[in-house]
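Shown below: model-v9.tsv, with TSV, C-alpha atoms.
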chain	number	residue	atom	x	y	z
Z	153	MET	CA	-0.28	-8.60	28.92
Z	154	PHE	CA	-1.73	-5.14	29.42
Z	155	SER	CA	1.27	-4.04	31.50
Z	156	ILE	CA	3.66	-5.23	28.76
Z	157	LEU	CA	1.71	-3.17	26.25
Z	158	LEU	CA	1.68	-0.15	28.55
Z	159	ASN	CA	5.30	-0.32	29.67
Z	160	THR	CA	7.18	-1.44	26.56
Z	161	ILE	CA	5.32	-1.36	23.28
Z	162	LEU	CA	3.43	1.93	23.66
Z	163	PRO	CA	6.54	3.96	24.66
Z	164	LEU	CA	8.41	2.43	21.73
Z	165	ILE	CA	5.64	3.40	19.33
Z	166	ALA	CA	5.60	6.89	20.81
Z	167	ALA	CA	9.37	7.19	20.33
Z	168	VAL	CA	9.26	6.52	16.57
Z	169	ASP	CA	9.79	9.54	14.34
Z	170	TYR	CA	6.52	9.54	12.43
Z	171	GLN	CA	7.54	12.51	10.26
Z	172	TYR	CA	9.51	9.93	8.29
Z	173	PHE	CA	6.29	8.11	7.45
Z	174	LEU	CA	4.84	11.21	5.80
Z	175	GLN	CA	7.37	10.66	3.02
Z	176	ALA	CA	5.38	7.60	1.99
Z	177	ILE	CA	2.21	9.56	1.20
Z	178	PRO	CA	3.29	11.12	-2.14
Z	179	LEU	CA	4.76	7.76	-3.10
Z	180	ILE	CA	1.50	5.91	-2.40
Z	181	ILE	CA	-0.56	8.51	-4.27
Z	182	GLY	CA	1.75	8.49	-7.30
Z	183	ILE	CA	2.00	4.71	-7.56
Z	184	SER	CA	-1.72	4.11	-7.11
Z	185	LEU	CA	-2.72	6.74	-9.68
Z	186	VAL	CA	-0.25	5.51	-12.31
Z	187	TYR	CA	-1.22	1.87	-11.72
Z	188	ALA	CA	-4.91	2.76	-11.91
Z	189	GLY	CA	-4.18	4.68	-15.11
Z	190	THR	CA	-2.97	1.49	-16.77
Z	191	ARG	CA	-6.26	-0.22	-15.86
Z	192	CYS	CA	-8.79	2.53	-16.52
Z	193	GLU	CA	-9.45	4.91	-19.36
Z	194	ASP	CA	-11.98	7.38	-17.96
Z	195	VAL	CA	-10.84	9.68	-15.17
Z	196	PRO	CA	-13.62	9.16	-12.56
Z	197	SER	CA	-13.16	5.39	-12.50
Z	198	LEU	CA	-9.37	5.89	-12.58
Z	199	LEU	CA	-9.57	8.02	-9.44
Z	200	LYS	CA	-11.92	5.57	-7.75
Z	201	PHE	CA	-9.69	2.60	-8.56
Z	202	GLY	CA	-6.60	4.61	-7.56
Z	203	ALA	CA	-8.13	5.38	-4.17
Z	204	ARG	CA	-8.80	1.69	-3.62
Z	205	ILE	CA	-5.24	0.74	-4.60
Z	206	ALA	CA	-3.89	3.46	-2.26
Z	207	VAL	CA	-5.85	1.98	0.65
Z	208	TRP	CA	-4.49	-1.48	-0.18
Z	209	ILE	CA	-0.89	-0.23	-0.33
Z	210	ALA	CA	-1.25	1.75	2.91
Z	211	GLY	CA	-2.85	-1.24	4.64
Z	212	PHE	CA	-0.14	-3.58	3.41
Z	213	MET	CA	2.57	-1.18	4.61
Z	214	ALA	CA	0.86	-0.79	7.99
Z	215	VAL	CA	0.61	-4.55	8.51
Z	216	GLY	CA	4.24	-5.02	7.38
Z	217	TYR	CA	5.36	-2.27	9.73
Z	218	ALA	CA	3.41	-3.71	12.67
Z	219	VAL	CA	4.85	-7.19	12.12
Z	220	LEU	CA	8.44	-5.91	11.81
Z	221	PHE	CA	7.98	-3.56	14.78
Z	222	LEU	CA	6.74	-6.33	17.07
Z	223	PHE	CA	9.35	-8.77	15.79
Z	224	PHE	CA	12.37	-6.52	16.29
Z	225	HIS	CA	11.25	-5.04	19.58
Z	226	SER	CA	10.42	-8.38	21.12
Z	227	LEU	CA	13.93	-9.74	20.47
E	277	MET	CA	-9.94	-10.88	-10.59
E	278	SER	CA	-13.58	-10.63	-9.66
E	279	GLU	CA	-15.99	-8.13	-11.16
E	280	SER	CA	-15.97	-5.97	-8.04
E	281	SER	CA	-12.19	-5.62	-7.97
E	282	SER	CA	-11.66	-4.94	-11.68
E	283	CYS	CA	-12.15	-1.33	-12.37
E	284	CYS	CA	-13.51	0.17	-15.45
E	285	SER	CA	-16.08	0.08	-18.11
E	286	THR	CA	-14.62	-1.48	-21.23
E	287	GLU	CA	-16.56	0.87	-23.50
E	288	ALA	CA	-14.18	3.75	-22.89
E	289	SER	CA	-11.08	1.60	-23.32
E	290	ALA	CA	-12.45	0.00	-26.50
E	291	ASN	CA	-12.93	3.42	-28.10
E	292	VAL	CA	-9.34	4.53	-27.60
E	293	ASP	CA	-7.51	5.43	-30.79
E	294	LEU	CA	-3.86	4.55	-30.16
E	295	LYS	CA	-2.77	6.18	-33.46
E	296	ASN	CA	0.74	4.87	-34.12
E	297	PRO	CA	1.60	2.87	-30.97
E	298	TYR	CA	5.34	2.88	-31.72
E	299	ILE	CA	5.47	6.67	-31.94
E	300	ALA	CA	3.30	6.94	-28.82
E	301	GLY	CA	5.59	4.60	-26.90
E	302	PHE	CA	8.68	6.45	-28.06
E	303	LEU	CA	7.21	9.82	-27.08
E	304	GLY	CA	6.22	8.40	-23.68
E	305	LEU	CA	9.79	7.23	-23.20
E	306	LEU	CA	11.07	10.70	-24.07
E	307	PHE	CA	8.82	12.54	-21.63
E	308	PRO	CA	6.19	11.17	-19.20
E	309	GLY	CA	2.69	11.55	-20.62
E	310	LEU	CA	3.81	12.82	-24.04
E	311	GLY	CA	2.64	9.64	-25.78
E	312	HIS	CA	-0.83	10.12	-24.33
E	313	PHE	CA	-0.93	13.75	-25.45
E	314	TYR	CA	-0.04	12.57	-28.96
E	315	GLN	CA	-2.97	10.14	-28.83
E	316	GLY	CA	-5.35	12.82	-27.56
E	317	ARG	CA	-5.71	11.17	-24.14
E	318	ILE	CA	-5.07	14.51	-22.48
E	319	ALA	CA	-6.50	13.85	-19.00
E	320	LYS	CA	-4.58	10.62	-18.54
E	321	GLY	CA	-1.44	12.19	-19.96
E	322	LEU	CA	-1.74	15.01	-17.45
E	323	ILE	CA	-2.25	12.62	-14.54
E	324	PHE	CA	0.78	10.57	-15.58
E	325	ALA	CA	2.95	13.62	-16.19
E	326	VAL	CA	2.05	15.21	-12.85
E	327	CYS	CA	2.53	11.98	-10.89
E	328	ILE	CA	5.81	10.92	-12.47
E	329	LEU	CA	7.42	14.33	-12.83
E	330	GLY	CA	6.17	15.20	-9.33
E	331	MET	CA	7.81	12.12	-7.86
E	332	PHE	CA	11.00	12.66	-9.84
E	333	GLY	CA	11.11	16.35	-8.87
E	334	TYR	CA	10.43	15.56	-5.23
E	335	GLY	CA	13.26	13.01	-5.28
E	336	LEU	CA	15.58	15.66	-6.70
E	337	TYR	CA	14.41	18.12	-4.06
E	338	LEU	CA	15.05	15.65	-1.23
E	339	SER	CA	18.59	15.06	-2.44
E	340	SER	CA	19.36	18.75	-2.87
E	341	GLY	CA	20.98	21.25	-0.60
E	342	ASN	CA	23.02	20.95	2.59
E	343	GLY	CA	25.87	22.55	0.69
E	344	VAL	CA	26.60	19.68	-1.68
E	345	GLY	CA	24.56	20.72	-4.70
E	346	TRP	CA	21.23	19.93	-6.31
E	347	GLY	CA	19.62	16.60	-7.12
E	348	ARG	CA	22.59	14.48	-6.15
E	349	ALA	CA	20.58	11.23	-6.00
E	350	VAL	CA	20.32	11.11	-9.80
E	351	TYR	CA	23.64	10.59	-11.53
E	352	TYR	CA	25.37	8.25	-13.90
E	353	LYS	CA	28.73	6.82	-12.96
E	354	TRP	CA	30.21	3.49	-13.95
E	355	GLN	CA	33.62	3.15	-12.40
E	356	PRO	CA	35.13	0.52	-10.10
E	357	ASP	CA	34.60	2.70	-7.01
E	358	ASP	CA	30.95	3.49	-7.79
E	359	LYS	CA	28.70	1.57	-10.13
E	360	ARG	CA	25.42	3.44	-10.07
E	361	PHE	CA	22.88	0.72	-10.84
E	362	TYR	CA	20.02	2.97	-9.74
E	363	PHE	CA	20.42	5.08	-12.85
E	364	PHE	CA	19.07	2.20	-14.93
E	365	GLY	CA	15.74	2.77	-13.18
E	366	GLN	CA	15.95	6.56	-13.14
E	367	MET	CA	16.75	6.85	-16.86
E	368	PHE	CA	13.27	5.65	-17.90
E	369	VAL	CA	11.89	9.05	-16.90
E	370	GLY	CA	13.41	10.17	-20.20
E	371	LEU	CA	14.64	13.65	-20.96
E	372	PRO	CA	14.29	14.91	-17.35
E	373	ALA	CA	17.11	12.49	-16.44
E	374	ALA	CA	19.27	13.49	-19.42
E	375	PRO	CA	21.32	16.13	-17.51
E	376	ALA	CA	22.88	13.21	-15.59
E	377	LEU	CA	24.54	12.00	-18.81
E	378	LEU	CA	25.73	15.49	-19.74
E	379	GLN	CA	27.17	16.06	-16.26
E	380	SER	CA	28.81	12.64	-16.35
E	381	ASP	CA	30.54	13.57	-19.63
E	382	LEU	CA	31.69	16.86	-18.12
E	383	VAL	CA	33.10	15.29	-14.98
E	384	ASN	CA	34.74	12.43	-16.90
E	385	SER	CA	36.51	14.95	-19.11
E	386	GLY	CA	37.98	16.62	-16.03
E	387	LYS	CA	35.71	19.68	-15.98
E	388	ALA	CA	33.70	21.00	-13.07
E	389	PRO	CA	29.96	20.18	-13.03
E	390	ILE	CA	27.58	23.01	-13.91
E	391	LEU	CA	24.21	24.12	-12.44
E	392	ASN	CA	25.34	23.70	-8.84
E	393	GLY	CA	26.10	20.03	-9.43
E	394	LEU	CA	22.59	19.14	-10.62
E	395	MET	CA	22.63	15.36	-11.31
E	396	ALA	CA	26.44	15.42	-11.40
E	397	PRO	CA	28.34	12.27	-10.43
E	398	PRO	CA	30.32	12.62	-7.21
E	399	SER	CA	34.07	12.93	-7.44
E	400	SER	CA	36.01	9.76	-6.75
E	401	VAL	CA	38.08	11.39	-3.99
E	402	ALA	CA	37.33	14.20	-1.57
E	403	GLN	CA	38.62	17.42	-3.14
E	404	THR	CA	40.50	20.15	-1.38
E	405	ALA	CA	40.27	23.81	-2.40
E	406	PRO	CA	39.25	24.81	-5.03
E	407	LYS	CA	36.31	22.50	-4.36
E	408	THR	CA	34.26	21.98	-7.51
E	409	ASN	CA	32.58	18.70	-6.57
E	410	TYR	CA	31.91	16.47	-3.58
E	411	SER	CA	32.66	12.81	-3.03
E	412	TYR	CA	29.96	10.21	-2.51
E	413	HIS	CA	30.71	9.97	1.22
E	414	GLU	CA	30.55	13.75	1.65
E	415	ILE	CA	27.16	13.82	-0.05
E	416	ARG	CA	25.86	10.89	2.01
E	417	ARG	CA	27.09	12.51	5.23
E	418	ALA	CA	25.47	15.84	4.35
E	419	GLN	CA	22.12	14.50	3.21
E	420	ASN	CA	21.78	11.45	5.43
E	421	LYS	CA	18.54	9.52	4.84
E	422	TYR	CA	17.24	12.07	2.33
E	423	PHE	CA	19.77	10.85	-0.22
E	424	GLU	CA	18.25	7.37	0.03
E	425	LEU	CA	14.71	8.74	-0.12
E	426	GLY	CA	15.60	10.82	-3.17
E	427	THR	CA	17.04	7.73	-4.84
E	428	LEU	CA	13.90	5.74	-4.02
E	429	TYR	CA	11.55	8.40	-5.40
E	430	THR	CA	13.46	8.90	-8.64
E	431	VAL	CA	13.90	5.17	-9.33
E	432	ILE	CA	10.21	4.50	-8.75
E	433	ALA	CA	9.29	7.44	-11.00
E	434	GLY	CA	11.42	5.95	-13.77
E	435	LEU	CA	9.97	2.48	-13.40
E	436	LEU	CA	6.41	3.82	-13.31
E	437	ASN	CA	7.07	5.59	-16.59
E	438	LEU	CA	7.69	2.16	-18.12
E	439	LEU	CA	4.10	1.27	-17.22
E	440	VAL	CA	2.97	4.51	-18.83
E	441	VAL	CA	4.91	3.70	-22.01
E	442	PHE	CA	3.21	0.29	-22.21
E	443	ASP	CA	-0.16	1.98	-21.66
E	444	ALA	CA	0.55	4.42	-24.49
E	445	ALA	CA	1.72	1.69	-26.84
E	446	GLY	CA	-0.80	-1.01	-26.00
E	447	GLY	CA	-3.81	0.69	-24.45
E	448	VAL	CA	-5.34	-0.11	-21.09
E	449	VAL	CA	-5.16	-3.59	-19.66
E	450	ASP	CA	-8.52	-5.18	-20.28
E	451	GLU	CA	-9.21	-7.59	-17.47
E	452	THR	CA	-12.74	-8.49	-18.46
E	453	ASP	CA	-11.65	-11.02	-21.07
E	454	LYS	CA	-9.79	-13.10	-18.51
E	455	PRO	CA	-11.59	-16.26	-17.39
E	456	LYS	CA	-13.04	-15.86	-13.94
E	457	LYS	CA	-11.15	-17.82	-11.33
E	458	PRO	CA	-12.33	-18.43	-7.79
E	459	GLY	CA	-10.58	-16.24	-5.23
E	460	LEU	CA	-8.41	-17.60	-2.43
E	461	LEU	CA	-11.20	-17.17	0.11
E	462	GLU	CA	-13.65	-18.99	-2.13
E	463	LYS	CA	-11.15	-21.82	-2.59
E	464	CYS	CA	-10.58	-22.10	1.16
E	465	LEU	CA	-14.28	-22.08	1.94
E	466	GLY	CA	-14.98	-24.49	-0.89
E	467	LYS	CA	-17.57	-22.16	-2.34
E	468	LYS	CA	-18.66	-23.15	-5.81
E	469	GLU	CA	-18.88	-20.66	-8.63
E	470	GLU	CA	-22.33	-19.49	-9.49
E	471	PRO	CA	-23.48	-20.42	-12.97
E	472	GLU	CA	-23.36	-17.50	-15.36
E	473	GLU	CA	-26.65	-15.94	-16.29
E	474	ALA	CA	-27.69	-16.31	-19.88

Can you present the structure in this file as structure tokens?
Amino acid sequence: MFSILLNTILPLIAAVDYQYFLQAIPLIIGISLVYAGTRCEDVPSLLKFGARIAVWIAGFMAVGYAVLFLFFHSL
Amino acid sequence: MSESSSCCSTEASANVDLKNPYIAGFLGLLFPGLGHFYQGRIAKGLIFAVCILGMFGYGLYLSSGNGVGWGRAVYYKWQPDDKRFYFFGQMFVGLPAAPALLQSDLVNSGKAPILNGLMAPPSSVAQTAPKTNYSYHEIRRAQNKYFELGTLYTVIAGLLNLLVVFDAAGGVVDETDKPKKPGLLEKCLGKKEEPEEA
């Protein structure tokens, strides 16, 4: 199990162009702030709620990416 | 949604004066955040304007350059060879997307696009000299994945502005008046709801 991880999955992860993922950051910030703005009126709670939504979106994307990555590279 | 996951105090949202919600909604549809400025909700209007215009501008930036013109991901074209469905998302940004319609009129009337092709529809066929416009395939080849990213950013900016328009016209979504439902975890664990305190 460990050798599979070391020999196949880790080199694949290392080979991915992660610069592409940076493009998601402004998108996550924008979406979470606008969504939080429709739920909150005062700015401090808007920012707090927006930060929480951003973490949820990033987590969801990370899990989705991990599942797709493992699925397609194990075929 | 439980108390911990809903966000805000209802006092602030209850005190919001929406003025004329129809005018606010219309202004929000014209320009992101303008409806909130009209209502005096300056901070929120600024946040919305910066987020939406920032995303729209970044999308234009991503789909600019490489010798094929500016902001090529935003354009309006409705012809058999290219039906640009994405514009129906992008147009909700309002006036910032209006140059796409002007450029579409120009190109349809046989003239060359202005402003270095900003939001101009691609030509239907690849032109030879004098080259005044580029075809869709030339633009895609020049910009590669950044054309797609630019499209994604601008469409999402337009759709988010719809949320902002609803916020301007109807005020914030008040989630405290919803009846409390047990969460999925509570249902799975069979945890009973605690009786409300008097």

Q) Counting all atoms listed in the file, what is within 9 Å of Gly202 (chain Z), bar same-chain residues fewer than 6 positions away, as number ranges by chain? A) Z: 181, 183-189

Q: Pull out every residue of chain Z sitting within 12 Å of chain E, counting only C-alpha atoms, and send them as a PyMOL selection string.
A: chain Z and resi 172-205+208

Q: May I ask for the distance between CA of Ile415 (chain E) and CA of Lys359 (chain E), given in Å to one decimal place?
A: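 These atoms are spaced 15.9 Å apart.
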
(Q) Need the shell around region 376-383 of chain E: protein/DNA/RNA residues with any atom at most 8 Å away, counting all atoms listed in the file. Skip same-chain ones fewer than 2 positions apart. Format as JSON, numbers by chain? (A) {"E": [350, 351, 352, 353, 373, 374, 385, 386, 387, 388, 389, 390, 393, 394, 395, 396, 397, 399]}

Q: Take CA of Leu220 (chain Z) and CA of Asp169 (chain Z) and report the distance between them in Å, one decimal.
A: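 Atom-to-atom, CA of Leu220 (chain Z) and CA of Asp169 (chain Z) are spaced 15.7 Å apart.
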
Q: Would you please work out which residue, of E:Pro375, E:Gly365, E:Gly370, E:Pro356, is nearest to Phe302 (chain E) when using only C-alpha atoms?
A: E:Gly370

(Q) One decimal, in Å: what's the spacing between CA of Asp357 (chain E) and CA of Leu336 (chain E)? (A) 23.0 Å

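Summary of the local environment: counting all atoms listed in the file, residues at most 9 Å from Glu414 (chain E), other than itself and those fewer than 5 positions away along its chain, are Val344, Pro398, Ala402 and Gln419 of chain E.
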
Can you write out the residues you just picked, keeping C-alpha atoms, as a JSON list (two decimals), keeping the file's coordinate frame?
[["chain", "number", "residue", "atom", "x", "y", "z"],
["E", 344, "VAL", "CA", 26.60, 19.68, -1.68],
["E", 398, "PRO", "CA", 30.32, 12.62, -7.21],
["E", 402, "ALA", "CA", 37.33, 14.20, -1.57],
["E", 419, "GLN", "CA", 22.12, 14.50, 3.21]]
